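Raw contents of upload.cif, mmCIF, C-alpha atoms:
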```
data_entry
loop_
_atom_site.label_atom_id
_atom_site.label_comp_id
_atom_site.auth_asym_id
_atom_site.auth_seq_id
_atom_site.Cartn_x
_atom_site.Cartn_y
_atom_site.Cartn_z
CA MET A 1 179.88 26.86 89.46
CA THR A 2 176.10 27.06 89.24
CA PHE A 3 174.65 29.90 87.18
CA ASN A 4 171.85 31.40 89.27
CA ILE A 5 168.96 32.99 87.37
CA LEU A 6 166.50 35.41 88.92
CA VAL A 7 163.01 35.11 87.42
CA VAL A 8 160.97 38.29 87.05
CA GLY A 9 157.31 37.37 86.68
CA THR A 10 155.15 34.56 88.00
CA GLY A 11 153.00 33.55 85.03
CA LYS A 12 152.76 30.26 83.16
CA ILE A 13 155.86 30.82 81.02
CA ALA A 14 157.89 31.83 84.10
CA ARG A 15 156.85 28.61 85.81
CA MET A 16 157.87 26.53 82.81
CA HIS A 17 161.35 28.02 82.77
CA ALA A 18 161.75 27.79 86.53
CA GLY A 19 160.91 24.10 86.30
CA ALA A 20 163.40 23.67 83.46
CA MET A 21 166.15 25.25 85.55
CA ALA A 22 165.80 22.40 88.04
CA MET A 23 166.54 19.93 85.23
CA ILE A 24 169.93 21.43 84.30
CA PRO A 25 172.90 20.82 86.63
CA GLU A 26 174.70 24.04 85.67
CA VAL A 27 171.63 26.27 86.25
CA SER A 28 169.55 27.05 89.32
CA LEU A 29 166.65 29.30 90.19
CA GLY A 30 168.17 32.22 92.07
CA GLY A 31 164.92 33.86 93.21
CA VAL A 32 161.68 35.30 91.93
CA VAL A 33 160.38 38.87 91.69
CA SER A 34 156.79 40.04 91.56
CA ARG A 35 155.18 43.35 92.46
CA ASP A 36 152.90 41.22 94.65
CA LEU A 37 155.13 39.72 97.36
CA THR A 38 152.52 37.13 98.30
CA ARG A 39 152.47 35.90 94.73
CA ALA A 40 156.28 35.78 94.63
CA GLN A 41 156.37 33.81 97.87
CA ALA A 42 153.82 31.29 96.59
CA PHE A 43 155.87 30.85 93.40
CA ALA A 44 159.08 30.44 95.42
CA ALA A 45 157.50 27.83 97.66
CA ASP A 46 156.67 25.72 94.62
CA PHE A 47 160.33 25.69 93.59
CA GLY A 48 162.20 24.85 96.76
CA SER A 49 161.51 27.95 98.84
CA VAL A 50 163.93 30.19 96.91
CA ALA A 51 164.15 33.89 97.75
CA ALA A 52 161.08 35.98 96.92
CA PHE A 53 161.13 39.73 96.28
CA SER A 54 158.74 42.53 95.51
CA ASP A 55 161.56 45.04 95.05
CA LEU A 56 163.60 44.60 91.87
CA THR A 57 166.53 46.70 93.09
CA GLU A 58 166.88 44.54 96.19
CA ALA A 59 166.73 41.37 94.13
CA LEU A 60 169.37 42.60 91.69
CA SER A 61 171.73 43.52 94.53
CA HIS A 62 172.41 39.89 95.36
CA PRO A 63 175.93 38.98 94.17
CA ASP A 64 175.11 35.28 93.79
CA VAL A 65 172.68 35.99 90.93
CA GLN A 66 174.36 35.98 87.52
CA GLY A 67 171.39 36.12 85.17
CA VAL A 68 167.85 37.49 84.98
CA TYR A 69 164.98 35.92 83.06
CA ILE A 70 162.24 38.47 82.30
CA ALA A 71 158.77 37.00 81.83
CA THR A 72 156.62 40.08 82.30
CA PRO A 73 154.18 41.78 79.93
CA THR A 74 155.90 43.72 77.17
CA GLY A 75 155.60 47.22 78.66
CA PRO A 76 158.13 46.98 81.53
CA LYS A 77 160.60 44.59 79.87
CA GLU A 78 163.08 47.22 78.70
CA GLU A 79 163.18 49.02 82.05
CA ILE A 80 163.73 45.75 83.92
CA ALA A 81 166.39 44.57 81.46
CA LEU A 82 168.30 47.85 81.65
CA ALA A 83 168.24 47.76 85.45
CA ALA A 84 169.53 44.19 85.41
CA MET A 85 172.37 45.00 83.02
CA ARG A 86 173.38 48.05 85.04
CA ALA A 87 173.64 45.66 87.99
CA GLY A 88 175.99 43.46 85.95
CA LYS A 89 173.48 40.70 85.26
CA HIS A 90 173.05 38.83 81.97
CA VAL A 91 169.51 39.01 80.57
CA LEU A 92 167.20 36.49 78.94
CA VAL A 93 164.02 38.30 77.92
CA GLU A 94 160.72 36.96 76.65
CA LYS A 95 159.46 38.14 73.29
CA PRO A 96 158.19 40.46 71.99
CA LEU A 97 159.88 43.72 72.88
CA ALA A 98 158.26 47.13 72.66
CA SER A 99 159.99 47.93 69.36
CA ALA A 100 163.13 47.35 67.32
CA ALA A 101 164.49 50.57 68.82
CA SER A 102 164.00 49.03 72.26
CA ALA A 103 165.89 45.92 71.15
CA GLU A 104 168.73 48.10 69.88
CA ARG A 105 168.89 49.94 73.20
CA LEU A 106 169.14 46.64 75.05
CA ALA A 107 171.96 45.44 72.80
CA ALA A 108 173.81 48.74 73.31
CA ALA A 109 173.40 48.47 77.08
CA ALA A 110 174.75 44.93 77.02
CA ARG A 111 177.89 46.12 75.26
CA GLU A 112 178.26 49.03 77.67
CA HIS A 113 177.99 46.86 80.78
CA GLY A 114 179.88 43.82 79.52
CA VAL A 115 176.95 41.41 79.70
CA THR A 116 174.77 39.60 77.19
CA VAL A 117 171.08 39.95 76.37
CA ILE A 118 169.15 37.49 74.22
CA ASP A 119 165.49 36.74 73.57
CA ALA A 120 163.85 33.53 74.74
CA THR A 121 162.90 32.09 71.34
CA HIS A 122 163.21 28.35 71.86
CA PHE A 123 163.37 26.95 68.34
CA THR A 124 166.48 29.02 67.65
CA HIS A 125 168.23 26.65 70.09
CA ASN A 126 166.71 23.44 68.75
CA PRO A 127 169.42 21.26 67.12
CA ARG A 128 167.07 20.97 64.15
CA THR A 129 167.56 24.65 63.32
CA ALA A 130 171.35 24.33 63.08
CA ALA A 131 171.06 21.05 61.15
CA LEU A 132 168.61 22.56 58.70
CA GLN A 133 170.79 25.64 58.20
CA ALA A 134 173.80 23.44 57.48
CA GLN A 135 171.87 21.28 55.00
CA MET A 136 170.02 24.06 53.17
CA PRO A 137 172.55 24.58 50.34
CA GLU A 138 172.39 20.89 49.48
CA ASP A 139 168.69 20.44 50.19
CA ILE A 140 167.08 23.48 48.57
CA GLY A 141 169.88 25.57 47.07
CA THR A 142 169.28 29.31 47.45
CA PRO A 143 166.26 30.15 49.66
CA LEU A 144 163.58 32.09 47.75
CA SER A 145 160.47 32.23 49.90
CA LEU A 146 159.08 31.24 53.27
CA SER A 147 155.52 30.80 54.48
CA ALA A 148 154.85 30.39 58.20
CA SER A 149 151.63 29.95 60.13
CA PHE A 150 151.32 29.91 63.92
CA GLN A 151 147.77 29.70 65.26
CA ILE A 152 146.30 28.74 68.63
CA ASP A 153 142.94 28.45 70.33
CA LEU A 154 142.98 31.18 72.99
CA ALA A 155 139.43 31.05 74.32
CA ASP A 156 140.06 32.91 77.58
CA ASP A 157 139.21 36.57 76.91
CA SER A 158 140.83 37.56 80.22
CA ASN A 159 144.25 36.47 78.97
CA ILE A 160 146.75 39.35 78.95
CA ARG A 161 147.31 38.82 75.22
CA TYR A 162 143.96 40.56 74.68
CA ASP A 163 145.00 43.56 76.79
CA THR A 164 146.50 46.23 74.54
CA ASN A 165 148.02 48.03 77.51
CA LEU A 166 150.03 44.93 78.41
CA GLU A 167 150.58 43.38 74.96
CA PRO A 168 150.17 46.09 72.29
CA HIS A 169 151.28 43.88 69.39
CA GLY A 170 148.60 41.26 70.06
CA ALA A 171 148.81 38.16 67.88
CA LEU A 172 151.70 39.61 65.90
CA GLY A 173 153.90 39.91 68.98
CA ASP A 174 152.91 36.62 70.53
CA LEU A 175 152.65 34.40 67.43
CA GLY A 176 153.88 36.43 64.47
CA TRP A 177 157.24 36.81 66.24
CA TYR A 178 157.97 33.15 65.48
CA CYS A 179 157.10 33.60 61.82
CA ALA A 180 159.44 36.60 61.71
CA ARG A 181 162.17 34.65 63.46
CA ALA A 182 161.87 31.87 60.91
CA VAL A 183 162.54 34.47 58.22
CA VAL A 184 165.67 35.61 60.05
CA GLU A 185 166.94 32.10 60.79
CA LEU A 186 166.00 30.22 57.62
CA LEU A 187 165.15 32.54 54.73
CA GLN A 188 168.11 34.75 55.69
CA PRO A 189 167.33 37.67 53.34
CA LYS A 190 170.41 39.38 51.94
CA GLY A 191 168.85 42.81 51.40
CA PRO A 192 166.70 45.22 53.41
CA LEU A 193 162.94 45.00 53.76
CA ILE A 194 161.24 47.06 51.06
CA ARG A 195 157.54 46.17 51.34
CA THR A 196 155.16 44.91 54.01
CA GLU A 197 151.40 44.45 53.95
CA THR A 198 149.21 43.19 56.77
CA GLU A 199 145.51 42.55 57.16
CA GLY A 200 144.48 42.35 60.80
CA GLU A 201 141.40 41.31 62.73
CA PHE A 202 140.71 43.28 65.89
CA ARG A 203 138.55 42.74 68.94
CA ASP A 204 138.08 45.70 71.29
CA GLY A 205 141.25 47.19 69.87
CA ALA A 206 143.34 44.04 70.32
CA LEU A 207 144.93 42.46 67.25
CA ILE A 208 143.68 38.87 67.44
CA ALA A 209 144.68 37.68 63.96
CA ALA A 210 146.98 38.91 61.20
CA THR A 211 147.96 37.79 57.72
CA GLY A 212 150.50 39.45 55.50
CA PHE A 213 153.86 39.38 53.81
CA TRP A 214 157.36 40.84 53.73
CA VAL A 215 159.36 41.48 50.53
CA PHE A 216 163.10 42.15 50.53
CA GLU A 217 165.21 44.16 48.11
CA SER A 218 167.32 41.07 47.38
CA GLY A 219 164.22 39.24 46.09
CA GLU A 220 163.28 36.98 48.99
CA ARG A 221 159.67 37.06 50.12
CA ALA A 222 157.84 35.70 53.14
CA SER A 223 154.24 35.38 54.30
CA PHE A 224 152.79 34.92 57.76
CA ASP A 225 149.46 33.96 59.31
CA CYS A 226 148.86 34.20 63.06
CA ASN A 227 145.59 33.79 64.91
CA PHE A 228 144.33 33.53 68.50
CA GLY A 229 141.05 31.96 67.38
CA ALA A 230 142.06 28.81 65.52
CA GLY A 231 140.31 25.55 66.32
CA THR A 232 143.60 23.72 66.73
CA PHE A 233 147.33 24.26 67.25
CA VAL A 234 148.96 25.17 63.93
CA GLN A 235 152.71 25.62 63.44
CA ASP A 236 153.34 25.05 59.75
CA LEU A 237 156.28 26.24 57.67
CA VAL A 238 157.24 25.98 53.99
CA LEU A 239 160.72 27.05 52.88
CA SER A 240 161.24 27.10 49.10
CA GLY A 241 164.53 27.32 47.27
CA THR A 242 166.03 26.96 43.83
CA GLU A 243 166.57 23.20 44.27
CA GLY A 244 163.86 22.01 46.64
CA VAL A 245 161.26 22.67 49.32
CA ILE A 246 161.38 22.03 53.08
CA THR A 247 158.20 21.68 55.12
CA MET A 248 157.48 21.30 58.83
CA ASP A 249 154.25 21.02 60.82
CA ASP A 250 155.98 21.74 64.15
CA PHE A 251 158.44 24.55 63.49
CA VAL A 252 157.78 26.33 66.81
CA HIS A 253 157.71 23.40 69.25
CA ASP A 254 158.82 20.11 67.74
CA TRP A 255 156.44 17.26 68.53
CA GLU A 256 159.19 15.00 69.84
CA ARG A 257 160.61 17.00 72.77
CA GLY A 258 159.63 20.63 72.31
CA ARG A 259 157.20 20.84 75.20
CA ILE A 260 158.40 19.64 78.60
CA GLY A 261 155.86 17.19 79.98
CA ALA A 262 154.22 16.66 76.60
CA GLU A 263 156.98 14.82 74.76
CA GLN A 264 156.13 12.46 71.89
CA PRO A 265 159.26 10.33 71.46
CA ASP A 266 157.57 8.24 68.76
CA THR A 267 157.28 11.38 66.58
CA PRO A 268 160.90 12.14 65.70
CA ALA A 269 161.80 15.78 65.10
CA GLY A 270 162.92 16.69 61.61
CA TYR A 271 161.68 18.12 58.33
CA THR A 272 160.31 16.93 55.03
CA LEU A 273 162.34 17.57 51.88
CA ARG A 274 160.93 17.49 48.35
CA GLN A 275 163.08 17.89 45.26
CA GLY A 276 162.21 17.55 41.60
CA ARG A 277 159.09 15.43 41.04
CA MET A 278 158.98 13.89 44.52
CA THR A 279 155.48 13.01 45.71
CA ARG A 280 154.11 12.56 49.21
CA ALA A 281 155.19 8.93 49.04
CA THR A 282 158.73 9.63 47.84
CA ALA A 283 159.51 12.79 49.82
CA ALA A 284 162.43 12.41 52.21
CA TYR A 285 162.02 12.92 55.95
CA ARG A 286 165.25 14.11 57.53
CA GLU A 287 165.29 13.26 61.23
CA THR A 288 167.05 15.70 63.56
CA PRO A 289 166.86 14.04 66.98
CA ALA A 290 167.36 16.04 70.15
CA ALA A 291 168.32 14.64 73.52
CA GLN A 292 166.19 17.18 75.36
CA SER A 293 163.64 19.94 74.99
CA HIS A 294 164.84 23.12 73.34
CA VAL A 295 163.69 24.94 76.49
CA LEU A 296 166.64 23.32 78.28
CA SER A 297 168.96 24.06 75.36
CA LEU A 298 167.94 27.72 75.47
CA LEU A 299 168.94 27.99 79.13
CA GLN A 300 172.22 26.17 78.55
CA ASN A 301 173.08 28.37 75.59
CA PHE A 302 172.24 31.48 77.62
CA VAL A 303 174.85 30.39 80.17
CA THR A 304 177.37 29.73 77.39
CA LEU A 305 176.82 33.14 75.80
CA ALA A 306 177.15 34.81 79.20
CA LYS A 307 180.70 33.48 79.42
CA ALA A 308 181.66 35.48 76.31
CA PRO A 309 179.25 38.43 76.11
CA ALA A 310 181.41 40.29 73.59
CA GLY A 311 181.88 37.18 71.47
CA GLU A 312 180.62 36.67 67.95
CA ALA A 313 177.84 34.26 68.99
CA SER A 314 176.42 36.64 71.58
CA GLN A 315 176.52 39.60 69.21
CA ALA A 316 174.88 37.57 66.45
CA ALA A 317 172.07 36.52 68.82
CA GLN A 318 171.38 40.15 69.63
CA GLN A 319 171.26 41.09 65.96
CA ARG A 320 168.73 38.32 65.32
CA MET A 321 166.64 39.69 68.17
CA ILE A 322 166.68 43.17 66.64
CA ALA A 323 165.95 41.89 63.13
CA THR A 324 163.01 39.81 64.35
CA GLN A 325 161.41 42.71 66.21
CA ALA A 326 161.94 44.96 63.18
CA LEU A 327 159.86 42.56 61.05
CA VAL A 328 157.14 42.44 63.71
CA ASP A 329 157.13 46.26 63.84
CA ALA A 330 156.86 46.51 60.07
CA ALA A 331 153.94 44.09 59.97
CA PHE A 332 152.17 45.77 62.88
CA PHE A 333 152.37 49.27 61.48
CA SER A 334 151.43 48.17 57.95
CA SER A 335 148.00 47.10 59.22
CA PRO A 336 145.55 49.92 58.31
CA GLN A 337 144.26 50.31 61.88
CA ASN A 338 147.82 50.75 63.20
CA ASP A 339 149.11 53.02 60.43
CA ARG A 340 151.17 55.85 61.85
#
```
Could you spell out this file's structure in structure tokens?
Amino acid sequence: MTFNILVVGTGKIARMHAGAMAMIPEVSLGGVVSRDLTRAQAFAADFGSVAAFSDLTEALSHPDVQGVYIATPTGPKEEIALAAMRAGKHVLVEKPLASAASAERLAAAAREHGVTVIDATHFTHNPRTAALQAQMPEDIGTPLSLSASFQIDLADDSNIRYDTNLEPHGALGDLGWYCARAVVELLQPKGPLIRTETEGEFRDGALIAATGFWVFESGERASFDCNFGAGTFVQDLVLSGTEGVITMDDFVHDWERGRIGAEQPDTPAGYTLRQGRMTRATAAYRETPAAQSHVLSLLQNFVTLAKAPAGEASQAAQQRMIATQALVDAAFFSSPQNDR
């Protein structure tokens, strides 16, 4: 049986996921919702003339829709997700959320209505992440610190990321989220967060760059650097442990297959491992090949989790979503301009 997913939103990221749905036999695009019906109809026409709606309640009433993918600005995400779950639909929601409290409310609603809700963070579903997690004890021993940098060149000032009414977290929500998620997935701190400091750069009130760190009671520490104004695409990560160091220059979207339509099969996904006195020449590169983009894996895993919404995997995914947003919140409110 095909798992039909209703897409809410018509932007670039919505289009990418709608296109990915056509590449997976077990998934199909079940319709599109936009407040502007003309825009929804144009989107639908590009993807096989699927149903187009301007009314969310009407769209959610269709029994042949099992899941909802929410690709709207941050503000309305919680309201849309709650409405979808009340209608018995499973929810895949773009990051970031409004707050960790919002993430907790979504997880509680999923339990109440017997559905699942997860965030659409692709690299979580990349086979490299699971392989790296499995190899970490042997490769680096106990994780001690993580440094992550995600920077892009966002020259278009009209982009919604610069609109604080639509995206209040700015660069921290859009880019820093991935740095925070790397902490959750790879550093895996054992104790609570005890200290956060952030230095931000603002333009007309929008947070366009941020650098800072998180320190945990159990001793782990992490730093992040995110920026809308970089001259290139940066996605670097360093994970240090008691026995070695892992580095990647593509931790968000692996060069090999991360981006649909921009694959580089001659650049195999993986990570560099250094132990002891290894040099650049002697460092080991551990390949972690993937048969497909992690965008496709995300959608497939969403369907799998929907089959067991109360299962351990679904619950763990929701806790990672909450933990990631909590780190973003801490960084955002530790910036002097955003201090409560």
**Q.** Residue contacts of range 25-31 of chain A (9 Å, only C-alpha atoms) excluding same-chain residues fewer than 2 positions away, as a PyMOL selection string
**A.** chain A and resi 1-8+18-19+21-23+33+40+44+47+49-53+59+64-68+299-300+303
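Taking CA of Trp255 in chain A and CA of Leu187 in chain A as the two end points, the separation is 22.4 Å.
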Q: Enumerate, as an MDAnalysis selection string, the residues matched when the PyMOL selection byres ((chain A and resi 122-136) around 6) is run on the file above.
A: chainID A and resid 120:121 137:140 252 288 294:295 297:298
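With all atoms listed in the file as the atoms that count, the minimum distance from Ser99 in chain A to the choices A:Thr116, A:Gln315, A:Thr74, A:Thr282 is reached by A:Thr74.
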Q: Any chance you could resolve the PyMOL selection byres ((chain A and resi 151) around 8) against this file and give the residues as a ChimeraX atom specification?
A: /A:149-150,152-153,175,225-230,232-235
(Q) From the options A:Ile208, A:Leu60, A:Ile13, A:Ala222, which residue's atoms come nearest to Val184 in chain A, counting all atoms listed in the file? (A) A:Ala222
Could you list the residues chosen by the PyMOL selection byres ((chain A and resi 189) around 10) in this structure as a PDB file with C-alpha atoms, keeping the file's coordinate frame?
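And here's out_4.pdb as it stands now:
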```
ATOM      1  CA  PRO A 143     166.260  30.150  49.660  1.00  0.00           C
ATOM      2  CA  LEU A 144     163.580  32.090  47.750  1.00  0.00           C
ATOM      3  CA  SER A 145     160.470  32.230  49.900  1.00  0.00           C
ATOM      4  CA  VAL A 183     162.540  34.470  58.220  1.00  0.00           C
ATOM      5  CA  VAL A 184     165.670  35.610  60.050  1.00  0.00           C
ATOM      6  CA  GLU A 185     166.940  32.100  60.790  1.00  0.00           C
ATOM      7  CA  LEU A 186     166.000  30.220  57.620  1.00  0.00           C
ATOM      8  CA  LEU A 187     165.150  32.540  54.730  1.00  0.00           C
ATOM      9  CA  GLN A 188     168.110  34.750  55.690  1.00  0.00           C
ATOM     10  CA  LYS A 190     170.410  39.380  51.940  1.00  0.00           C
ATOM     11  CA  GLY A 191     168.850  42.810  51.400  1.00  0.00           C
ATOM     12  CA  PRO A 192     166.700  45.220  53.410  1.00  0.00           C
ATOM     13  CA  LEU A 193     162.940  45.000  53.760  1.00  0.00           C
ATOM     14  CA  VAL A 215     159.360  41.480  50.530  1.00  0.00           C
ATOM     15  CA  PHE A 216     163.100  42.150  50.530  1.00  0.00           C
ATOM     16  CA  GLU A 217     165.210  44.160  48.110  1.00  0.00           C
ATOM     17  CA  SER A 218     167.320  41.070  47.380  1.00  0.00           C
ATOM     18  CA  GLY A 219     164.220  39.240  46.090  1.00  0.00           C
ATOM     19  CA  GLU A 220     163.280  36.980  48.990  1.00  0.00           C
ATOM     20  CA  ARG A 221     159.670  37.060  50.120  1.00  0.00           C
ATOM     21  CA  ALA A 222     157.840  35.700  53.140  1.00  0.00           C
TER      22      ALA A 222
END
```
**Q.** Coordinates-based distance that separates CA of Ala171 in chain A from CA of Ala206 in chain A (Å, one decimal)
**A.** 8.4 Å
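The interatomic distance for the pair CA of Val117 in chain A and CA of Met16 in chain A works out to 19.9 Å.
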Q.
Measuring between all atoms listed in the file, which one of A:Pro96, A:Pro268, A:Gly9, A:Gly48 shows the shortest distance to Trp177 in chain A?
A. A:Pro96
Q | 8 Å contact set for Gly11 in chain A, all atoms listed in the file, chain neighbours under 3 positions out, as an NGL selection string | A | :A and (14-15 or 71-72)
Q) Can you find the residues with an atom no farther than 6 Å from (158.1, 43.6, 78.0), counting all atoms listed in the file, and report them as a list in words? A) Thr72, Pro73, Thr74, Gly75, Pro76, Lys77 and Leu97 of chain A
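With all atoms listed in the file as the basis for measurement, A:Lys95 is the residue among A:Arg259, A:Arg39, A:Arg277, A:Lys95 that approaches Tyr69 in chain A most closely.
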